[in-house]
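Undergrad: One structure is given below, represented as structure tokens, and several questions about it will come after.
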Protein chains: 2
Amino acid sequence: MLQGSAAPGSCYFYYPRLVCVVGVRDEAVPTVNLAPITWATPLSTDPPLFGICLSPQNHSHALVLRTGEFSVSYLSHEHAELVAAMGRLSGRSVDKVRTLGVRLAEPSALRTPWLADAYVAVECSLVDRHHFGDQTLLVGEVQGVHAAAEAFDEDGVLRVREVAALLYLGSNRYATLAPPAR
Amino acid sequence: MLQGSAAPGSCYFYYPRLVCVVGVRDEAVPTVNLAPITWATPLSTDPPLFGICLSPQNHSHALVLRTGEFSVSYLSHEHAELVAAMGRLSGRSVDKVRTLGVRLAEPSALRTPWLADAYVAVECSLVDRHHFGDQTLLVGEVQGVHAAAEAFDEDGVLRVREVAALLYLGSNRYATLAPPAR
């Protein structure tokens, strides 16, 4: 059943992954730059740390270092087109919020807005960073969580019947979860 | 629609995530210890780096530092029970491979076996590590990929009609993907 080894990098073995939209204030415009990413992971429970990977060439990378914070917003599958459009545009030349008609919501813990259409979003303060290969892992401490009222159950688990979370498969393809059998 | 901020840590905002089983040689037994985790992420394309989070208290943590390598195996949803059992047992007191009747496959690039039932598995050499909060991010360079013949398409994208990848929701609950509409 198993073929011989494929070359590293030739196979998206690590997908599907949740799409999250990183928001960072660009005070020069002013706007919030929006970077959809999937290379992200919780890193610690206590303190609650969450890491996002950005290329040092990425516009948002410089903005996170400048402002010292970022938001992370999770969207449902119906927003796949919007997310793809965010990925195609560069915040260096375009105000994505204005161009794409994105609605922002006000932060409560820090100063960086998040996406009003998110089913959940978190506010993170930058507490560490580390270069690994061609990316930087930017480590945020979660300072606030904004969750849609129906999105998570009493255990803090996503209600997969209510929220069709947006997952990325690689190569510009998206998916969502199957609801469990009743 | 959005409620006020929830306390950080009270909401599993970062799930669903793919389950991966970390394999590490325990030469004292000898066996391969198996740790199911979900806090993992690609970190770099060139070189191909993949990071896994383990607590310094975890038995596998010490083994990775000792052997300098680990395997990462991805299973389909039908193996959810097996994965849960791996998580309940400790490799300090039990040989999980023998106890759970797990079939291993031989490595080709390094020396650490992987799970024969995996739809994809990779062999990683430890190249870096970094402590973040209560976990260690162990950074592996991908040295070999073993993919089931039907699991990925010509673009290297998971065939979601063929493989029901095992995803974790938090609180001992699992899910899989919905196949896309035809």
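The way I read the labels, and the way they are meant: chains A, B, ... in the order of the structure tokens, residue 1 as the first residue of every chain, and ligand 1 as the first ligand shown, with later ones counted on from there.
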Excluding range 31-42 of chain A and any residue of its chain fewer than 4 positions from it, enumerate the residues within 9 Å of it, using only C-alpha atoms, and give them as an MDAnalysis selection string.

TA: (chainID A and resid 15:27 48:54 58:60 63 83:84 86:87 90:92 95:98 104 112:114 137 167:168) or (chainID B and resid 14 38:43 53)

Undergrad: Output N, CA and C atoms of each residue in that selection to a file, as a CSV table (one decimal), in the first residue's frame.

TA:
chain,number,residue,atom,x,y,z
A,15,TYR,N,-1.4,19.1,5.7
A,15,TYR,CA,-2.8,19.6,5.5
A,15,TYR,C,-3.8,18.5,5.6
A,16,PRO,N,-5.1,18.8,5.9
A,16,PRO,CA,-5.7,20.1,6.1
A,16,PRO,C,-5.3,20.8,7.4
A,17,ARG,N,-5.4,22.1,7.3
A,17,ARG,CA,-5.2,22.9,8.5
A,17,ARG,C,-6.2,24.1,8.5
A,18,LEU,N,-6.6,24.5,9.7
A,18,LEU,CA,-7.5,25.6,9.8
A,18,LEU,C,-6.8,26.9,9.2
A,19,VAL,N,-7.6,27.6,8.5
A,19,VAL,CA,-7.1,28.9,8.0
A,19,VAL,C,-7.3,30.0,9.1
A,20,CYS,N,-6.3,30.8,9.3
A,20,CYS,CA,-6.6,31.9,10.2
A,20,CYS,C,-6.1,33.2,9.6
A,21,VAL,N,-6.8,34.2,9.8
A,21,VAL,CA,-6.4,35.5,9.2
A,21,VAL,C,-5.7,36.4,10.3
A,22,VAL,N,-4.4,36.6,10.0
A,22,VAL,CA,-3.7,37.5,10.9
A,22,VAL,C,-4.0,38.9,10.6
A,23,GLY,N,-4.3,39.7,11.6
A,23,GLY,CA,-4.5,41.1,11.5
A,23,GLY,C,-3.5,41.9,12.2
A,24,VAL,N,-2.9,42.9,11.5
A,24,VAL,CA,-1.9,43.8,12.1
A,24,VAL,C,-2.1,45.2,11.7
A,25,ARG,N,-2.0,46.1,12.7
A,25,ARG,CA,-2.2,47.5,12.4
A,25,ARG,C,-1.1,48.1,11.5
A,26,ASP,N,-1.5,48.7,10.4
A,26,ASP,CA,-0.6,49.5,9.6
A,26,ASP,C,-0.9,51.0,9.7
A,27,GLU,N,-0.1,51.6,10.7
A,27,GLU,CA,-0.5,52.9,11.1
A,27,GLU,C,-0.2,54.0,10.0
A,48,PRO,N,-0.8,31.1,28.0
A,48,PRO,CA,-1.4,30.7,26.7
A,48,PRO,C,-0.7,31.4,25.6
A,49,LEU,N,0.2,30.6,24.9
A,49,LEU,CA,1.0,31.1,23.8
A,49,LEU,C,0.5,30.5,22.5
A,50,PHE,N,0.5,31.3,21.4
A,50,PHE,CA,0.1,30.9,20.1
A,50,PHE,C,1.1,31.4,19.1
A,51,GLY,N,1.6,30.5,18.2
A,51,GLY,CA,2.6,30.9,17.3
A,51,GLY,C,2.1,31.0,15.9
A,52,ILE,N,2.6,32.0,15.1
A,52,ILE,CA,2.2,32.1,13.7
A,52,ILE,C,3.5,32.2,12.9
A,53,CYS,N,3.5,31.6,11.7
A,53,CYS,CA,4.7,31.7,10.9
A,53,CYS,C,4.5,32.7,9.8
A,54,LEU,N,5.4,33.6,9.6
A,54,LEU,CA,5.4,34.6,8.6
A,54,LEU,C,6.8,34.7,8.0
A,58,ASN,N,7.3,39.2,4.3
A,58,ASN,CA,5.9,39.5,4.3
A,58,ASN,C,5.7,40.9,4.9
A,59,HIS,N,4.8,41.6,4.3
A,59,HIS,CA,4.5,43.0,4.9
A,59,HIS,C,4.1,42.9,6.3
A,60,SER,N,3.2,41.9,6.6
A,60,SER,CA,2.7,41.8,8.0
A,60,SER,C,3.8,41.5,9.0
A,63,LEU,N,5.1,44.7,10.3
A,63,LEU,CA,4.1,45.4,11.1
A,63,LEU,C,3.9,44.8,12.5
A,83,VAL,N,-10.9,34.9,1.6
A,83,VAL,CA,-9.6,34.5,2.1
A,83,VAL,C,-8.6,34.4,1.0
A,84,ALA,N,-9.0,33.7,-0.1
A,84,ALA,CA,-8.1,33.6,-1.3
A,84,ALA,C,-7.8,35.0,-1.8
A,86,MET,N,-7.6,37.8,-0.1
A,86,MET,CA,-6.6,38.4,0.8
A,86,MET,C,-5.2,37.9,0.6
A,87,GLY,N,-5.1,36.6,0.2
A,87,GLY,CA,-3.8,36.0,-0.1
A,87,GLY,C,-3.2,36.5,-1.4
A,90,SER,N,-1.3,42.3,-2.0
A,90,SER,CA,-0.3,42.6,-1.0
A,90,SER,C,-0.6,43.9,-0.3
A,91,GLY,N,-0.5,43.8,1.0
A,91,GLY,CA,-0.8,45.0,1.9
A,91,GLY,C,0.2,46.1,1.6
A,92,ARG,N,1.3,45.9,0.9
A,92,ARG,CA,2.2,47.0,0.6
A,92,ARG,C,1.6,47.9,-0.4
A,95,ASP,N,-4.9,48.6,0.4
A,95,ASP,CA,-5.6,48.5,1.7
A,95,ASP,C,-6.7,47.4,1.6
A,96,LYS,N,-6.3,46.2,2.1
A,96,LYS,CA,-7.2,45.1,1.9
A,96,LYS,C,-8.6,45.3,2.5
A,97,VAL,N,-8.6,45.9,3.6
A,97,VAL,CA,-9.9,46.2,4.3
A,97,VAL,C,-10.8,46.9,3.4
A,98,ARG,N,-10.3,48.0,2.8
A,98,ARG,CA,-11.2,48.9,2.0
A,98,ARG,C,-11.5,48.2,0.7
A,104,LEU,N,-14.4,45.2,10.3
A,104,LEU,CA,-13.5,45.0,11.5
A,104,LEU,C,-14.3,45.1,12.8
A,112,THR,N,-5.4,46.0,18.4
A,112,THR,CA,-5.5,45.5,17.0
A,112,THR,C,-6.9,44.9,16.7
A,113,PRO,N,-7.7,45.5,15.7
A,113,PRO,CA,-9.0,45.0,15.4
A,113,PRO,C,-8.9,43.5,14.8
A,114,TRP,N,-10.0,42.9,14.8
A,114,TRP,CA,-10.1,41.5,14.3
A,114,TRP,C,-11.3,41.5,13.3
A,137,LEU,N,8.9,32.4,13.3
A,137,LEU,CA,7.8,32.0,14.2
A,137,LEU,C,7.6,33.2,15.2
A,167,LEU,N,-11.0,25.1,6.2
A,167,LEU,CA,-9.7,24.4,6.3
A,167,LEU,C,-9.1,24.5,4.9
A,168,TYR,N,-7.7,24.5,4.9
A,168,TYR,CA,-7.0,24.6,3.7
A,168,TYR,C,-6.3,23.2,3.4
B,14,TYR,N,-8.3,26.9,18.5
B,14,TYR,CA,-7.3,26.5,17.5
B,14,TYR,C,-7.6,25.1,16.9
B,38,THR,N,-1.3,17.1,18.6
B,38,THR,CA,-1.9,18.0,17.5
B,38,THR,C,-1.2,19.3,17.4
B,39,TRP,N,-0.4,19.7,18.4
B,39,TRP,CA,0.3,20.9,18.4
B,39,TRP,C,1.5,20.8,17.6
B,40,ALA,N,1.4,21.0,16.3
B,40,ALA,CA,2.5,20.8,15.4
B,40,ALA,C,2.3,21.7,14.2
B,41,THR,N,3.3,22.1,13.5
B,41,THR,CA,3.2,22.9,12.3
B,41,THR,C,4.4,22.9,11.4
B,42,PRO,N,4.2,23.0,10.1
B,42,PRO,CA,5.3,23.3,9.3
B,42,PRO,C,5.9,24.6,9.7
B,43,LEU,N,7.3,24.7,9.6
B,43,LEU,CA,7.9,25.9,10.0
B,43,LEU,C,8.7,26.6,8.8
B,53,CYS,N,5.3,20.1,19.3
B,53,CYS,CA,5.3,20.6,20.7
B,53,CYS,C,5.2,19.4,21.7

Undergrad: Within range 40-137 of chain B, find each residue whose DSSP state, derived from the backbone, is strand (DSSP E or B), and express the selection as a PyMOL selection string.

TA: chain B and resi 40-44+49-54+69-74+76+104-105+114-115+120-132+135-137

Undergrad: List every residue of range 18-147 of chain B that DSSP, applied to the backbone of this structure, places in alpha helix (DSSP H), and write the result as a PyMOL selection string.

TA: chain B and resi 59-67+80-88+96-100

Undergrad: Report as JSON, numbers by chain all protein, DNA and RNA residues lying within 10 Å of Tyr12 in chain A, evaluated on only C-alpha atoms, omitting residues in the same chain fewer than 4 positions from it.

TA: {"A": [8, 16, 169, 170, 171], "B": [42, 120, 152, 153, 155, 156, 157, 158]}

Undergrad: To one decimal place in Å, what is the distance between CA of Pro30 in chain A and CA of Ala147 in chain A?

TA: 26.2 Å
